[in-house]
>>> print(open('run.txt').read())   # compact mmCIF, C-alpha atoms and all ligand atoms
# COMPACT_ATOMS: atom_id res chain seq x y z
CA MET A 168 -84.71 -73.14 -46.13
CA THR A 169 -81.49 -73.91 -47.91
CA ALA A 170 -79.06 -71.17 -48.77
CA ASP A 171 -77.94 -71.00 -52.36
CA ILE A 172 -74.23 -71.22 -51.67
CA SER A 173 -73.38 -70.90 -55.34
CA ALA A 174 -74.89 -67.43 -55.47
CA LYS A 175 -72.31 -64.77 -56.14
CA SER A 176 -72.81 -61.97 -53.68
CA ALA A 177 -71.07 -58.60 -53.93
CA ASP A 178 -69.99 -59.09 -50.31
CA HIS A 179 -68.30 -62.39 -51.12
CA PRO A 180 -65.56 -61.65 -53.61
CA SER A 181 -63.08 -64.44 -53.90
CA VAL A 182 -59.87 -63.08 -52.44
CA ARG A 183 -56.99 -63.90 -54.78
CA ILE A 184 -53.68 -63.24 -53.03
CA ARG A 185 -53.72 -61.61 -49.62
CA LYS A 186 -52.66 -58.04 -50.20
CA VAL A 187 -52.15 -55.14 -47.83
CA GLY A 188 -53.44 -51.65 -48.60
CA VAL A 189 -51.86 -48.42 -47.39
CA LEU A 190 -54.23 -45.47 -47.55
CA LEU A 191 -52.80 -41.97 -47.11
CA ILE A 192 -55.51 -39.54 -46.03
CA ASN A 193 -55.42 -35.78 -45.90
CA LEU A 194 -58.05 -33.24 -44.94
CA GLY A 195 -59.62 -32.49 -48.28
CA THR A 196 -60.10 -29.79 -50.71
CA PRO A 197 -62.76 -28.39 -53.06
CA ASP A 198 -63.00 -29.69 -56.65
CA GLY A 199 -62.99 -26.13 -57.99
CA THR A 200 -63.03 -22.54 -56.81
CA ASP A 201 -66.57 -21.84 -58.03
CA TYR A 202 -69.44 -21.22 -55.60
CA GLN A 203 -71.02 -24.69 -55.91
CA SER A 204 -67.76 -26.62 -55.45
CA MET A 205 -66.78 -24.46 -52.49
CA ARG A 206 -70.20 -24.78 -50.91
CA ARG A 207 -70.23 -28.58 -51.28
CA TYR A 208 -66.80 -28.84 -49.68
CA LEU A 209 -67.49 -26.45 -46.81
CA ARG A 210 -70.87 -28.07 -46.17
CA GLU A 211 -69.33 -31.50 -45.70
CA PHE A 212 -66.48 -30.08 -43.64
CA LEU A 213 -68.55 -27.90 -41.35
CA MET A 214 -71.30 -30.48 -40.78
CA ASP A 215 -68.70 -32.79 -39.23
CA ARG A 216 -69.40 -33.08 -35.49
CA ARG A 217 -65.73 -33.68 -34.80
CA VAL A 218 -64.97 -30.28 -36.32
CA ILE A 219 -67.83 -28.21 -34.92
CA GLU A 220 -68.92 -29.71 -31.62
CA TRP A 221 -71.76 -27.26 -30.92
CA SER A 222 -75.28 -28.65 -30.61
CA ARG A 223 -76.85 -29.04 -34.03
CA TRP A 224 -79.79 -26.86 -32.91
CA LYS A 225 -77.43 -24.00 -32.34
CA TRP A 226 -75.04 -24.61 -35.27
CA TYR A 227 -77.20 -25.54 -38.27
CA PRO A 228 -79.18 -22.27 -38.44
CA ILE A 229 -75.86 -20.40 -38.47
CA LEU A 230 -74.25 -22.83 -40.93
CA PHE A 231 -77.14 -22.97 -43.41
CA GLY A 232 -78.42 -19.42 -42.77
CA ILE A 233 -75.15 -17.51 -42.86
CA VAL A 234 -71.89 -19.44 -43.31
CA LEU A 235 -72.80 -21.42 -46.44
CA ASN A 236 -74.23 -18.31 -48.08
CA THR A 237 -71.23 -16.08 -47.60
CA ARG A 238 -68.10 -18.15 -47.02
CA PRO A 239 -68.02 -20.07 -50.35
CA GLN A 240 -67.48 -16.82 -52.33
CA LYS A 241 -64.96 -15.46 -49.90
CA VAL A 242 -62.93 -18.67 -49.56
CA GLY A 243 -63.28 -19.39 -53.31
CA ARG A 244 -61.47 -16.13 -54.07
CA ALA A 245 -58.70 -17.09 -51.66
CA TYR A 246 -58.36 -20.53 -53.30
CA GLU A 247 -58.09 -18.89 -56.72
CA VAL A 248 -54.90 -17.15 -55.63
CA ILE A 249 -53.23 -20.41 -54.61
CA TRP A 250 -54.79 -22.77 -57.21
CA ASN A 251 -52.46 -25.13 -59.09
CA LYS A 252 -53.46 -23.84 -62.53
CA GLU A 253 -51.33 -26.39 -64.37
CA ARG A 254 -53.40 -29.30 -63.02
CA ASN A 255 -56.54 -27.33 -62.22
CA GLU A 256 -56.62 -28.50 -58.62
CA SER A 257 -55.43 -27.35 -55.22
CA PHE A 258 -51.83 -28.00 -54.21
CA LEU A 259 -53.08 -30.07 -51.29
CA ARG A 260 -54.44 -32.57 -53.80
CA THR A 261 -51.32 -32.42 -56.00
CA TYR A 262 -49.01 -33.06 -53.06
CA THR A 263 -51.13 -35.81 -51.55
CA ARG A 264 -51.26 -37.71 -54.85
CA ASN A 265 -47.50 -37.24 -55.31
CA GLN A 266 -46.86 -38.52 -51.77
CA SER A 267 -48.89 -41.60 -52.58
CA ASP A 268 -47.07 -42.21 -55.89
CA LEU A 269 -43.69 -41.76 -54.22
CA MET A 270 -44.67 -44.06 -51.35
CA ALA A 271 -45.65 -46.76 -53.88
CA GLU A 272 -42.22 -46.34 -55.47
CA ARG A 273 -40.50 -46.62 -52.06
CA LEU A 274 -42.40 -49.77 -51.11
CA LYS A 275 -41.54 -51.65 -54.33
CA ASP A 276 -39.72 -54.27 -52.22
CA LEU A 277 -43.13 -55.24 -50.79
CA PRO A 278 -44.97 -56.46 -53.92
CA ASN A 279 -48.21 -57.27 -52.14
CA VAL A 280 -48.61 -53.76 -50.76
CA LYS A 281 -50.90 -51.33 -52.63
CA VAL A 282 -50.68 -47.62 -51.90
CA ASP A 283 -53.58 -45.24 -52.44
CA TRP A 284 -54.77 -41.85 -51.20
CA ALA A 285 -58.03 -40.24 -50.15
CA MET A 286 -59.51 -37.08 -48.68
CA ARG A 287 -61.69 -36.76 -45.58
CA TYR A 288 -63.82 -34.11 -47.31
CA GLY A 289 -64.40 -34.16 -51.04
CA GLN A 290 -62.87 -36.54 -53.55
CA PRO A 291 -61.53 -39.21 -53.68
CA SER A 292 -63.55 -40.25 -50.65
CA ILE A 293 -62.27 -42.60 -47.97
CA ALA A 294 -65.14 -45.04 -48.60
CA SER A 295 -64.44 -45.27 -52.33
CA ARG A 296 -60.72 -45.96 -51.81
CA ILE A 297 -61.29 -48.54 -49.08
CA GLN A 298 -63.66 -50.30 -51.48
CA ALA A 299 -61.13 -50.07 -54.31
CA LEU A 300 -58.38 -51.57 -52.14
CA LYS A 301 -60.70 -54.35 -51.00
CA ASP A 302 -61.65 -55.06 -54.63
CA GLU A 303 -57.97 -55.33 -55.46
CA GLY A 304 -57.63 -58.08 -52.88
CA CYS A 305 -56.48 -56.17 -49.79
CA ASP A 306 -57.82 -57.90 -46.71
CA ARG A 307 -55.71 -55.67 -44.48
CA ILE A 308 -55.59 -51.89 -44.74
CA LEU A 309 -53.26 -49.48 -43.00
CA LEU A 310 -54.98 -46.14 -42.62
CA PHE A 311 -52.66 -43.15 -42.40
CA PRO A 312 -54.27 -39.87 -41.34
CA LEU A 313 -51.39 -37.66 -42.42
CA TYR A 314 -51.46 -35.28 -39.42
CA PRO A 315 -48.27 -35.20 -37.34
CA GLN A 316 -50.19 -34.05 -34.25
CA TYR A 317 -53.33 -35.83 -33.10
CA ALA A 318 -56.56 -33.84 -32.90
CA ALA A 319 -60.09 -35.19 -32.68
CA ALA A 320 -61.04 -32.68 -35.41
CA THR A 321 -58.56 -34.24 -37.84
CA THR A 322 -57.19 -37.70 -36.95
CA ALA A 323 -60.28 -39.02 -35.18
CA THR A 324 -62.68 -37.92 -37.89
CA VAL A 325 -60.60 -39.71 -40.53
CA ASN A 326 -60.69 -42.91 -38.50
CA ASP A 327 -64.43 -42.51 -37.82
CA LYS A 328 -65.11 -42.14 -41.53
CA ALA A 329 -63.15 -45.29 -42.39
CA PHE A 330 -64.93 -47.36 -39.74
CA GLU A 331 -68.25 -45.92 -40.91
CA LYS A 332 -67.49 -47.47 -44.31
CA LEU A 333 -66.66 -50.79 -42.64
CA MET A 334 -69.99 -50.69 -40.80
CA ALA A 335 -71.67 -51.25 -44.15
CA MET A 336 -69.46 -54.16 -45.25
CA ARG A 337 -70.24 -57.79 -44.59
CA TRP A 338 -66.67 -58.92 -45.13
CA GLN A 339 -64.51 -56.26 -43.61
CA PRO A 340 -60.80 -55.87 -44.17
CA ALA A 341 -58.70 -55.69 -41.01
CA LEU A 342 -57.85 -52.09 -40.26
CA ARG A 343 -54.87 -50.50 -38.57
CA THR A 344 -54.37 -46.80 -38.04
CA VAL A 345 -51.07 -44.93 -37.98
CA PRO A 346 -50.69 -42.88 -34.78
CA ASP A 347 -49.43 -39.30 -34.59
CA TYR A 348 -45.72 -38.73 -35.07
CA HIS A 349 -45.28 -35.31 -33.44
CA ASP A 350 -41.99 -36.22 -31.74
CA ASP A 351 -40.56 -38.66 -34.28
CA PRO A 352 -36.84 -37.84 -34.72
CA THR A 353 -37.05 -38.27 -38.53
CA TYR A 354 -39.90 -35.74 -38.63
CA ILE A 355 -38.10 -33.24 -36.39
CA GLU A 356 -34.94 -33.57 -38.44
CA ALA A 357 -36.85 -33.11 -41.70
CA LEU A 358 -38.39 -29.91 -40.32
CA ALA A 359 -35.03 -28.61 -39.12
CA ASN A 360 -33.43 -29.39 -42.49
CA SER A 361 -36.24 -27.60 -44.28
CA VAL A 362 -35.62 -24.49 -42.17
CA LEU A 363 -31.86 -24.54 -42.79
CA ARG A 364 -32.25 -25.25 -46.49
CA HIS A 365 -34.75 -22.45 -46.94
CA LEU A 366 -32.78 -19.89 -44.94
CA SER A 367 -29.64 -20.69 -46.91
CA THR A 368 -31.38 -19.39 -50.05
CA LEU A 369 -31.93 -15.92 -48.50
CA ASP A 370 -29.55 -12.98 -48.34
CA TRP A 371 -30.84 -12.15 -44.85
CA GLN A 372 -31.50 -14.09 -41.63
CA PRO A 373 -34.61 -13.86 -39.44
CA ASP A 374 -34.63 -12.33 -35.94
CA MET A 375 -37.47 -14.66 -35.04
CA LEU A 376 -38.78 -18.03 -36.23
CA LEU A 377 -42.51 -18.64 -35.73
CA ALA A 378 -43.84 -22.19 -35.74
CA SER A 379 -47.49 -21.66 -36.62
CA PHE A 380 -49.95 -24.54 -36.12
CA HIS A 381 -53.62 -24.69 -37.08
CA GLY A 382 -55.64 -23.84 -33.97
CA ILE A 383 -58.55 -25.56 -32.30
CA PRO A 384 -61.09 -24.07 -29.90
CA MET A 385 -59.75 -23.81 -26.35
CA SER A 386 -62.75 -25.83 -25.14
CA TYR A 387 -61.56 -28.88 -27.15
CA PHE A 388 -58.21 -28.72 -25.38
CA GLN A 389 -59.94 -28.38 -22.00
CA GLN A 390 -61.93 -31.52 -22.77
CA GLY A 391 -58.75 -33.52 -23.19
CA ASP A 392 -57.55 -33.17 -26.76
CA PRO A 393 -53.77 -33.82 -26.77
CA TYR A 394 -53.21 -31.53 -29.76
CA TYR A 395 -51.93 -28.47 -27.90
CA ARG A 396 -49.30 -30.39 -25.94
CA GLN A 397 -48.16 -32.27 -29.02
CA CYS A 398 -47.70 -28.97 -30.90
CA GLN A 399 -45.70 -27.61 -27.96
CA LYS A 400 -43.46 -30.66 -28.00
CA THR A 401 -42.91 -30.58 -31.77
CA GLY A 402 -42.02 -26.90 -31.44
CA ARG A 403 -39.60 -27.44 -28.57
CA LEU A 404 -37.84 -30.33 -30.31
CA LEU A 405 -37.51 -28.29 -33.50
CA ARG A 406 -36.08 -25.33 -31.58
CA GLU A 407 -33.60 -27.59 -29.80
CA LYS A 408 -32.61 -29.28 -33.04
CA LEU A 409 -31.92 -25.86 -34.58
CA GLY A 410 -30.05 -24.75 -31.46
CA LEU A 411 -32.20 -21.63 -31.15
CA LEU A 412 -32.63 -19.73 -27.89
CA GLU A 413 -36.16 -19.26 -26.59
CA ASP A 414 -36.24 -15.57 -27.49
CA LYS A 415 -35.71 -16.39 -31.18
CA PHE A 416 -38.57 -18.87 -31.49
CA MET A 417 -42.32 -18.84 -30.86
CA ILE A 418 -45.18 -21.29 -31.18
CA THR A 419 -48.43 -19.71 -32.40
CA PHE A 420 -51.87 -20.85 -33.61
CA GLN A 421 -53.65 -19.76 -36.77
CA SER A 422 -56.93 -20.14 -38.70
CA ARG A 423 -59.40 -19.14 -35.98
CA PHE A 424 -63.00 -19.79 -36.97
CA GLY A 425 -66.09 -18.45 -35.18
CA PRO A 426 -66.52 -16.46 -31.98
CA GLU A 427 -65.00 -18.85 -29.42
CA GLU A 428 -61.60 -18.52 -27.83
CA TRP A 429 -59.01 -20.68 -29.64
CA LEU A 430 -55.54 -21.83 -28.68
CA GLN A 431 -53.20 -18.89 -28.13
CA PRO A 432 -51.08 -16.97 -28.95
CA TYR A 433 -52.77 -16.25 -32.28
CA THR A 434 -50.46 -16.13 -35.29
CA ASP A 435 -52.02 -13.05 -36.91
CA LYS A 436 -51.92 -10.98 -33.71
CA THR A 437 -48.36 -12.11 -32.97
CA VAL A 438 -47.10 -11.15 -36.43
CA GLU A 439 -48.68 -7.70 -36.03
CA LYS A 440 -47.27 -7.18 -32.55
CA LEU A 441 -43.76 -8.31 -33.50
CA ALA A 442 -43.68 -5.83 -36.36
CA GLN A 443 -45.02 -3.05 -34.13
CA LYS A 444 -42.39 -3.86 -31.50
CA GLY A 445 -39.67 -3.31 -34.08
CA VAL A 446 -38.80 -6.88 -35.06
CA LYS A 447 -37.74 -6.44 -38.68
CA ARG A 448 -37.20 -9.94 -40.07
CA ILE A 449 -39.21 -13.08 -39.41
CA ALA A 450 -39.60 -16.57 -40.86
CA VAL A 451 -42.71 -18.72 -40.43
CA ILE A 452 -42.89 -22.50 -40.63
CA ASN A 453 -46.08 -24.62 -40.48
CA PRO A 454 -44.93 -27.92 -38.90
CA GLY A 455 -48.48 -29.29 -38.48
CA PHE A 456 -49.27 -29.27 -42.20
CA VAL A 457 -47.83 -32.13 -44.27
CA SER A 458 -48.63 -30.23 -47.45
CA ASP A 459 -48.98 -26.61 -48.35
CA CYS A 460 -52.59 -25.58 -48.67
CA LEU A 461 -54.88 -22.60 -48.28
CA GLU A 462 -53.89 -22.19 -44.65
CA THR A 463 -50.18 -21.92 -45.40
CA LEU A 464 -50.02 -20.40 -48.90
CA GLU A 465 -52.76 -17.84 -48.46
CA GLU A 466 -53.15 -17.24 -44.73
CA ILE A 467 -49.42 -17.16 -43.98
CA ALA A 468 -47.40 -16.58 -47.16
CA GLU A 469 -49.89 -13.91 -48.37
CA GLN A 470 -51.91 -12.47 -45.50
CA ALA A 471 -49.46 -12.70 -42.62
CA ALA A 472 -46.64 -11.39 -44.82
CA HIS A 473 -48.82 -8.44 -45.84
CA SER A 474 -49.74 -7.68 -42.24
CA PHE A 475 -46.09 -7.88 -41.13
CA HIS A 476 -45.00 -5.37 -43.79
CA HIS A 477 -48.01 -3.14 -43.14
CA ASN A 478 -47.06 -2.88 -39.46
CA GLY A 479 -43.45 -1.91 -40.06
CA GLY A 480 -41.73 -5.27 -40.61
CA GLU A 481 -39.17 -5.49 -43.39
CA LYS A 482 -38.46 -9.11 -44.31
CA PHE A 483 -40.89 -12.00 -44.13
CA THR A 484 -40.41 -15.51 -45.42
CA HIS A 485 -42.61 -18.59 -45.38
CA ILE A 486 -40.84 -21.93 -45.14
CA PRO A 487 -42.62 -24.45 -47.37
CA CYS A 488 -44.16 -27.61 -45.89
CA LEU A 489 -42.38 -30.92 -46.41
CA ASN A 490 -44.80 -31.63 -49.29
CA ASP A 491 -43.55 -34.25 -51.76
CA GLY A 492 -39.86 -33.63 -51.03
CA GLU A 493 -37.49 -36.46 -50.21
CA ASP A 494 -37.28 -35.66 -46.48
CA GLY A 495 -41.05 -35.48 -46.17
CA VAL A 496 -41.58 -38.81 -47.89
CA ASN A 497 -38.89 -40.33 -45.65
CA VAL A 498 -40.96 -39.33 -42.61
CA LEU A 499 -44.10 -40.93 -44.03
CA GLU A 500 -42.26 -44.04 -45.21
CA LYS A 501 -40.74 -44.62 -41.80
CA ALA A 502 -44.16 -44.46 -40.13
CA VAL A 503 -45.69 -46.80 -42.72
CA ARG A 504 -42.94 -49.42 -42.49
CA ARG A 505 -43.12 -49.37 -38.69
CA GLU A 506 -46.89 -49.83 -38.65
CA LEU A 507 -46.84 -52.54 -41.34
CA MET A 508 -44.71 -54.76 -39.09
CA GLY A 509 -46.27 -58.16 -38.67
CA TRP A 510 -48.38 -57.65 -41.79
CA VAL A 511 -45.59 -57.88 -44.37
C1 LIG B 1 -64.10 -25.16 -36.04
C2 LIG B 1 -63.56 -25.28 -37.20
C3 LIG B 1 -62.25 -25.91 -37.52
C4 LIG B 1 -61.41 -26.72 -36.75
C5 LIG B 1 -61.59 -27.19 -35.32
C6 LIG B 1 -60.30 -27.05 -37.58
C7 LIG B 1 -59.19 -27.82 -37.17
C8 LIG B 1 -58.13 -28.17 -38.01
N1 LIG B 1 -58.00 -27.97 -39.37
C9 LIG B 1 -56.78 -28.41 -39.80
C10 LIG B 1 -56.25 -28.37 -41.10
C11 LIG B 1 -56.80 -27.65 -42.18
N2 LIG B 1 -57.92 -26.84 -42.15
C12 LIG B 1 -58.12 -26.31 -43.38
C13 LIG B 1 -59.15 -25.46 -43.75
C14 LIG B 1 -60.23 -25.10 -42.93
N3 LIG B 1 -60.38 -25.35 -41.57
C15 LIG B 1 -61.62 -24.91 -41.16
C16 LIG B 1 -62.17 -25.01 -39.87
C17 LIG B 1 -61.63 -25.76 -38.81
N4 LIG B 1 -60.49 -26.46 -38.80
C18 LIG B 1 -62.28 -24.35 -42.31
C19 LIG B 1 -63.67 -23.75 -42.31
C20 LIG B 1 -61.42 -24.49 -43.40
C21 LIG B 1 -61.71 -24.16 -44.88
C22 LIG B 1 -61.21 -22.91 -45.30
C23 LIG B 1 -61.96 -21.79 -44.64
O1 LIG B 1 -63.17 -21.73 -44.82
O2 LIG B 1 -61.30 -21.03 -43.95
C24 LIG B 1 -57.08 -26.77 -44.27
C25 LIG B 1 -56.87 -26.35 -45.72
C26 LIG B 1 -57.60 -27.15 -46.76
C27 LIG B 1 -57.22 -26.73 -48.17
O3 LIG B 1 -57.86 -27.19 -49.13
O4 LIG B 1 -56.29 -25.97 -48.43
C28 LIG B 1 -56.27 -27.62 -43.52
C29 LIG B 1 -55.08 -28.40 -44.00
C30 LIG B 1 -56.12 -28.96 -38.67
C31 LIG B 1 -54.72 -29.57 -38.71
C32 LIG B 1 -56.96 -28.80 -37.56
C33 LIG B 1 -56.80 -29.19 -36.14
C34 LIG B 1 -55.73 -29.52 -35.58
FE FE B 2 -59.04 -26.34 -40.39
FE FE B 3 -58.04 -20.15 -42.83
>>> encode(input="run.txt", output="structure tokens", more="lines below")
Ligand SMILES: C=CC1=C(C)c2cc3[nH]c(cc4nc(cc5[nH]c(cc1n2)c(C)c5CCC(=O)O)C(CCC(=O)O)=C4C)c(C)c3C=C
Ligand SMILES: [Fe+2]
Ligand SMILES: [Fe+2]
Amino acid sequence: MTADISAKSADHPSVRIRKVGVLLINLGTPDGTDYQSMRRYLREFLMDRRVIEWSRWKWYPILFGIVLNTRPQKVGRAYEVIWNKERNESFLRTYTRNQSDLMAERLKDLPNVKVDWAMRYGQPSIASRIQALKDEGCDRILLFPLYPQYAAATTATVNDKAFEKLMAMRWQPALRTVPDYHDDPTYIEALANSVLRHLSTLDWQPDMLLASFHGIPMSYFQQGDPYYRQCQKTGRLLREKLGLLEDKFMITFQSRFGPEEWLQPYTDKTVEKLAQKGVKRIAVINPGFVSDCLETLEEIAEQAAHSFHHNGGEKFTHIPCLNDGEDGVNVLEKAVRRELMGWV
């Protein structure tokens, strides 16, 4: 049998100039706050084995029987409060797209580098953007899971999804992944600056600064996930950079989900207890989130603030994430330039 070598196969595009793709990836977000959009998003999210590690036999009846029937309404209402009405999308999407546009601007000195963005859950999908970069002529792609601290539930699942796409390609691009940057001096300095800048806009100063990270189940930590220790180190470096004593600073964990024990101390319980103990003024920063999202705007800036006041606290302030600000983009740019070495 002779192969028809003139046949044009979809897997054999002629590569024009060798380009390099940079793909910024964040967690994801629903397309809308309605029941169907919320359900689609939560379904994809909560079916991920890196997120919920329980046996499928145990988890699916709960997921499909209870969670996906009740949570979409509840979470949809919470998203409505924090929705970016101007663009009809969540701020997580707005900020991620802006970060990508700003990164493209910053990398103008590297004309063969293409910058794009994707979401682990929802749209634009990782697979579709890898394909788009490949179609544009990128035979090398730098994958950047935007999480400062590594967790299997976030970083690893992004990488898995990208390699899953490659599994279906005959002619794969070369892939590199950006590692965590939990102790990067540029990142720590950006966080410290964001605290100082924010506090300088207030006519009061906090008695306590909480650094609240998204939690993970304790069992994931016990199985070797480095996330907890990386959060502790980020927190300590931030405290040192700010010159704060240990009694003015706490590291806490938020967004518990399900009945298991999660990393402690819990943010919600801590906020309550501080207020009850007579602490009157607190500030909360979310160093683990590159962009403000439901977990920061609703869970902290709304719910935690409410609970603090309800329990006797007087002043509460939420320090915004680095988002698409100059300092934040500096952090991302530094990581990208470092990891592109040898490719450009
Ligand atoms: C067992 C469940 C979950 C684990 C483990 C988990 C880890 C984890 N998540 C983030 C970052 C984000 N999570 C967000 C929302 C969110 N997280 C879970 C569950 C787990 N997360 C759920 C079910 C949801 C959806 C909202 C809800 O139903 O409560 C978000 C916000 C997304 C948005 O659109 O605003 C982020 C960001 C990290 C960093 C992490 C582990 C380190
Ligand atoms: Fe989460
Ligand atoms: Fe939450």
>>> residues_near_ligand(input="run.txt", ligand="ligand FE 2 (chain B)", cutoff="8 Å", atoms="all atoms listed in the file", output="list in words")
His381, Gly382, Ser422 and Glu462 of chain A
>>> residues_near_ligand(input="run.txt", ligand="ligand FE 3 (chain B)", cutoff="10 Å", atoms="only C-alpha atoms and all ligand atoms", output="list in words")
Val242, Ala245, His381, Gly382, Gln421, Ser422, Arg423, Phe424, Cys460, Leu461, Glu462, Thr463, Glu465, Glu466 and Ile467 of chain A
>>> closest_atom_pairs(input="run.txt", of="chain A", to="ligand LIG 1 (chain B)", cutoff="7 Å", atoms="only C-alpha atoms and all ligand atoms", output="JSON lines")
{"residue": "A:Leu194", "atom": "CA", "partner": "B:LIG1", "partner_atom": "C29", "distance": 5.8}
{"residue": "A:Gly195", "atom": "CA", "partner": "B:LIG1", "partner_atom": "O3", "distance": 5.6}
{"residue": "A:Thr196", "atom": "CA", "partner": "B:LIG1", "partner_atom": "O3", "distance": 3.8}
{"residue": "A:Pro197", "atom": "CA", "partner": "B:LIG1", "partner_atom": "O3", "distance": 6.4}
{"residue": "A:Leu209", "atom": "CA", "partner": "B:LIG1", "partner_atom": "C19", "distance": 6.5}
{"residue": "A:Leu213", "atom": "CA", "partner": "B:LIG1", "partner_atom": "C19", "distance": 6.5}
{"residue": "A:Val218", "atom": "CA", "partner": "B:LIG1", "partner_atom": "C5", "distance": 4.7}
{"residue": "A:Ile219", "atom": "CA", "partner": "B:LIG1", "partner_atom": "C1", "distance": 4.9}
{"residue": "A:Arg238", "atom": "CA", "partner": "B:LIG1", "partner_atom": "O1", "distance": 6.5}
{"residue": "A:Val242", "atom": "CA", "partner": "B:LIG1", "partner_atom": "O1", "distance": 5.6}
{"residue": "A:Ser257", "atom": "CA", "partner": "B:LIG1", "partner_atom": "O3", "distance": 6.6}
{"residue": "A:Leu259", "atom": "CA", "partner": "B:LIG1", "partner_atom": "O4", "distance": 5.9}
{"residue": "A:Tyr314", "atom": "CA", "partner": "B:LIG1", "partner_atom": "C31", "distance": 6.6}
{"residue": "A:Ala318", "atom": "CA", "partner": "B:LIG1", "partner_atom": "C34", "distance": 5.2}
{"residue": "A:Ala320", "atom": "CA", "partner": "B:LIG1", "partner_atom": "C7", "distance": 5.5}
{"residue": "A:Thr321", "atom": "CA", "partner": "B:LIG1", "partner_atom": "C33", "distance": 5.6}
{"residue": "A:His381", "atom": "CA", "partner": "B:LIG1", "partner_atom": "C30", "distance": 5.2}
{"residue": "A:Gly382", "atom": "CA", "partner": "B:LIG1", "partner_atom": "C33", "distance": 5.9}
{"residue": "A:Ile383", "atom": "CA", "partner": "B:LIG1", "partner_atom": "C5", "distance": 4.6}
{"residue": "A:Pro384", "atom": "CA", "partner": "B:LIG1", "partner_atom": "C5", "distance": 6.3}
{"residue": "A:Tyr394", "atom": "CA", "partner": "B:LIG1", "partner_atom": "C34", "distance": 6.7}
{"residue": "A:Ser422", "atom": "CA", "partner": "B:LIG1", "partner_atom": "N3", "distance": 6.9}
{"residue": "A:Phe424", "atom": "CA", "partner": "B:LIG1", "partner_atom": "C2", "distance": 5.5}
{"residue": "A:Gly455", "atom": "CA", "partner": "B:LIG1", "partner_atom": "C31", "distance": 6.3}
{"residue": "A:Phe456", "atom": "CA", "partner": "B:LIG1", "partner_atom": "C29", "distance": 6.1}
{"residue": "A:Cys460", "atom": "CA", "partner": "B:LIG1", "partner_atom": "O4", "distance": 3.7}
{"residue": "A:Leu461", "atom": "CA", "partner": "B:LIG1", "partner_atom": "O4", "distance": 3.7}
{"residue": "A:Glu462", "atom": "CA", "partner": "B:LIG1", "partner_atom": "C25", "distance": 5.2}
>>> closest_residue(input="run.txt", among="A:Cys305, A:Leu342, A:Leu376, A:Val325", to="Asp414 in chain A", atoms="all atoms listed in the file")
A:Leu376
>>> atom_distance(input="run.txt", atom1="CA of Ser295 in chain A", atom2="CA of Tyr208 in chain A")
16.8 Å
>>> closest_residue(input="run.txt", among="A:His349, A:His485, A:Arg448, A:Arg223", to="Val362 in chain A", atoms="only C-alpha atoms")
A:His485
